[in-house]
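As structure tokens, the structure follows; a few thoughts come after it.
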Amino acid sequence: MLFRSLFKSGFISIVGCPNAGKSTLINLLIGSRLSIVSPKVQTTRHRIMGIFNDSQSQLIFLDTPGILKPRYKLQEHMMQTVEDSLKDADVIVLVTGPEPSLLPEPDFLKALQVLNKPLVIVYNKIDQLQESQMMEGLAYWKQQFPESACLPLSALHAFNHPALLNELKQLVPEHPPYYDSEALTDRSERFIASEYIREVVFARYHKEIPYSTEITIDEFKTSPKGLHLHATVWVERETQKGILIGHGGKALKQLGSSARKQLELFFNAIVHLKLHVKVEPDWRSRDQKLKQWGY
């Protein structure tokens, strides 16, 4: 009973502008590459839960889409995800950094101030700065949120994240664990597989193709010979389909090979992957299709 009364567990929403390094930070904190990462903005589309466990605490991180002004229905759903995550959280972590593009809109900062929830500012990417520049940035954020902890950190180089973990352990409430101690996420293996494939699309393609792409898993089976996956890569136009497939199917084979290697690392199993490309016109602006695909 004494152990249970002292155990601390809570939900922590990680928010920030696109390219702030939120997903890299969560992967570092939980010790697993759960959230996909790309130099391109708007990689994260869903709320993805990652769970940290030790003997005295359970920290449930909610990775959210980057803060932006929506231009179509998909982005509206993404921003609703951010809003819902802020409401659900016991603690909020704002990930920012030295670039002007990582400074959220004033309206969003005002919304954080009136939420009346514990807030931690993570000043990420300090590996890019001189010490004087870092101190200037920290002073700015301390002025904006004088009651909040403000921590310098480099998620890319795994610097100072133990200090963030310790701070968060102090802020989450006393509560029994919400999930089993072995749990990593509440997301299914199908979802994780689709995200890993989409990550490779973001890495290999440019301009509009990554943002027009969605992945669905049509078959997910295990056998003594490994994991068998059939997936569909959805795009919005026939021209995009042609680019993804390539001459003689060469581009699609390369995409499948790269995705298979990443999936094998995550699932620690031999993966047999088959990809198909289909067109779903203007799916990013259609509520029915977005709902069907889990948005």
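Starting from 1 in every chain, residues are counted up; chains themselves are A, B, ... following the order of the structure tokens, and ligands are numbered from 1 as listed.
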inquiry  = Give me the residues near range 275-289 of chain A as a list in words, where near means some atom within 9 Å (using only C-alpha atoms) and where sequence neighbours in that chain fewer than 4 positions away do not count.
reply    = Tyr72, Lys73, Leu74, Gln75, Tyr211, Ser212, Leu229, His230, Ala231, Thr232, Val233, Trp234, Val235, Glu236, Arg237, Glu238, Gln240, Lys241, Gly242, Leu244, Ile245, Leu252, Lys253, Leu255, Gly256, Trp293, Gly294 and Tyr295 of chain A
Residues of range 64-101 of chain A within 12 Å of range 129-136 of chain A: nearest atom pair and distance (Å, one decimal) for each, counting only C-alpha atoms, sorted by chain and number, as JSON lines?
```
{"residue": "A:Gly97", "atom": "CA", "partner": "A:Met134", "partner_atom": "CA", "distance": 9.3}
{"residue": "A:Pro98", "atom": "CA", "partner": "A:Leu129", "partner_atom": "CA", "distance": 7.9}
{"residue": "A:Glu99", "atom": "CA", "partner": "A:Leu129", "partner_atom": "CA", "distance": 10.6}
```
remark   = Students should find that CA of Lys169 in chain A and CA of Ser57 in chain A are spaced 6.8 Å
inquiry  = as a ChimeraX atom specification, please: every residue in range 218-255 of chain A that DSSP puts in strand (DSSP E or B).
reply    = /A:218-223,226-235
Those residues with N, CA and C atoms, as a PDB file, in the first residue's frame please?
```
ATOM      1  N   ASP A 218      -3.066  -3.597 -45.158  1.00  0.00           N
ATOM      2  CA  ASP A 218      -4.146  -4.478 -45.595  1.00  0.00           C
ATOM      3  C   ASP A 218      -4.016  -5.886 -45.020  1.00  0.00           C
ATOM      4  N   GLU A 219      -2.803  -6.288 -44.717  1.00  0.00           N
ATOM      5  CA  GLU A 219      -2.576  -7.618 -44.141  1.00  0.00           C
ATOM      6  C   GLU A 219      -1.393  -7.549 -43.193  1.00  0.00           C
ATOM      7  N   PHE A 220      -1.546  -8.166 -42.019  1.00  0.00           N
ATOM      8  CA  PHE A 220      -0.484  -8.183 -41.006  1.00  0.00           C
ATOM      9  C   PHE A 220      -0.539  -9.562 -40.350  1.00  0.00           C
ATOM     10  N   LYS A 221       0.356 -10.448 -40.771  1.00  0.00           N
ATOM     11  CA  LYS A 221       0.330 -11.825 -40.273  1.00  0.00           C
ATOM     12  C   LYS A 221       1.729 -12.248 -39.839  1.00  0.00           C
ATOM     13  N   THR A 222       1.765 -13.110 -38.855  1.00  0.00           N
ATOM     14  CA  THR A 222       3.027 -13.698 -38.413  1.00  0.00           C
ATOM     15  C   THR A 222       3.035 -15.182 -38.737  1.00  0.00           C
ATOM     16  N   SER A 223       4.220 -15.691 -39.020  1.00  0.00           N
ATOM     17  CA  SER A 223       4.390 -17.112 -39.297  1.00  0.00           C
ATOM     18  C   SER A 223       5.798 -17.498 -38.870  1.00  0.00           C
ATOM     19  N   GLY A 226       8.399 -15.396 -40.467  1.00  0.00           N
ATOM     20  CA  GLY A 226       8.527 -13.972 -40.198  1.00  0.00           C
ATOM     21  C   GLY A 226       7.201 -13.237 -40.209  1.00  0.00           C
ATOM     22  N   LEU A 227       7.289 -11.942 -40.432  1.00  0.00           N
ATOM     23  CA  LEU A 227       6.126 -11.064 -40.450  1.00  0.00           C
ATOM     24  C   LEU A 227       5.765 -10.744 -41.898  1.00  0.00           C
ATOM     25  N   HIS A 228       4.479 -10.955 -42.242  1.00  0.00           N
ATOM     26  CA  HIS A 228       4.020 -10.747 -43.605  1.00  0.00           C
ATOM     27  C   HIS A 228       3.105  -9.523 -43.642  1.00  0.00           C
ATOM     28  N   LEU A 229       3.529  -8.510 -44.407  1.00  0.00           N
ATOM     29  CA  LEU A 229       2.780  -7.260 -44.486  1.00  0.00           C
ATOM     30  C   LEU A 229       2.393  -6.945 -45.927  1.00  0.00           C
ATOM     31  N   HIS A 230       1.129  -6.601 -46.140  1.00  0.00           N
ATOM     32  CA  HIS A 230       0.671  -6.012 -47.391  1.00  0.00           C
ATOM     33  C   HIS A 230       0.189  -4.607 -47.071  1.00  0.00           C
ATOM     34  N   ALA A 231       0.702  -3.610 -47.775  1.00  0.00           N
ATOM     35  CA  ALA A 231       0.344  -2.220 -47.483  1.00  0.00           C
ATOM     36  C   ALA A 231      -0.004  -1.500 -48.775  1.00  0.00           C
ATOM     37  N   THR A 232      -0.913  -0.519 -48.639  1.00  0.00           N
ATOM     38  CA  THR A 232      -1.256   0.344 -49.761  1.00  0.00           C
ATOM     39  C   THR A 232      -0.731   1.739 -49.498  1.00  0.00           C
ATOM     40  N   VAL A 233      -0.062   2.293 -50.480  1.00  0.00           N
ATOM     41  CA  VAL A 233       0.404   3.682 -50.432  1.00  0.00           C
ATOM     42  C   VAL A 233      -0.604   4.506 -51.232  1.00  0.00           C
ATOM     43  N   TRP A 234      -1.336   5.372 -50.545  1.00  0.00           N
ATOM     44  CA  TRP A 234      -2.357   6.184 -51.186  1.00  0.00           C
ATOM     45  C   TRP A 234      -1.797   7.565 -51.524  1.00  0.00           C
ATOM     46  N   VAL A 235      -2.102   8.028 -52.717  1.00  0.00           N
ATOM     47  CA  VAL A 235      -1.734   9.388 -53.126  1.00  0.00           C
ATOM     48  C   VAL A 235      -2.968  10.062 -53.723  1.00  0.00           C
TER      49      VAL A 235
END
```
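Pairwise distance (CA of Leu25 in chain A, CA of Leu290 in chain A) equals 27.5 Å.
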task = Can you work out which one of A:Gly66, A:Pro118, A:Gly249, A:Gly137 has the shortest atom-to-atom distance to Met78 in chain A, counting only C-alpha atoms?
result =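 Closest to Met78 in chain A, using only C-alpha atoms: A:Gly66.
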key: A:Gln42, A:Leu29, A:Leu156, A:Asn53 ranked by distance to Asp180 in chain A, top pick (using only C-alpha atoms)   = A:Asn53
Long-range neighbours of Leu153 in chain A as a ChimeraX atom specification, 8 Å cut-off, only C-alpha atoms, 5 positions minimum in chain = /A:122-126,158-161
message = Need the shell around Asp88 in chain A: protein/DNA/RNA residues with any atom at most 12 Å away, counting only C-alpha atoms. Skip same-chain ones fewer than 2 positions apart. Format as an MDAnalysis selection string?
response = chainID A and resid 10:14 47 60:62 81:86 90:92 115 117
inquiry  = Env of Gln170 in chain A: 10 Å cut, atoms = only C-alpha atoms, seq-sep filter 4 positions within chain, self excluded. Answer as a ChimeraX atom specification.
reply    = /A:8,57,165-166,174
message = At a cut-off of 12 Å, using only C-alpha atoms, what residues contact Phe145 in chain A? Leave out same-chain residues fewer than 6 positions from it and give the result as a ChimeraX atom specification.
response = /A:94,109-110,112-114,116,118-122,138-139
ask   = Which polymer residues have any atom within 8 Å of an atom of Ile51 in chain A, counting only C-alpha atoms, with same-chain residues fewer than 3 positions away left out, as a list of chain:residue names?
value =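 Listed by chain and then number, they are A:Ile30, A:Gln58, A:Leu59, A:Ile60, A:Phe61, A:Ala183, A:Leu184, A:Thr185.
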request  = Please run DSSP on the backbone and report, as a list in words, all residues within range 117-184 of chain A that come out as helix (DSSP H, G or I).
outcome  =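 Residues of range 117-184 of chain A classed as helix (DSSP H, G or I): Ile126, Asp127, Gln128, Glu131, Ser132, Gln133, Met134, Met135, Glu136, Gly137, Leu138, Ala139, Tyr140, Trp141, Lys142, Gln143, Gln144, His161, Pro162, Ala163, Leu164, Leu165, Asn166, Glu167, Leu168, Lys169, Gln170 and Leu171 of chain A.
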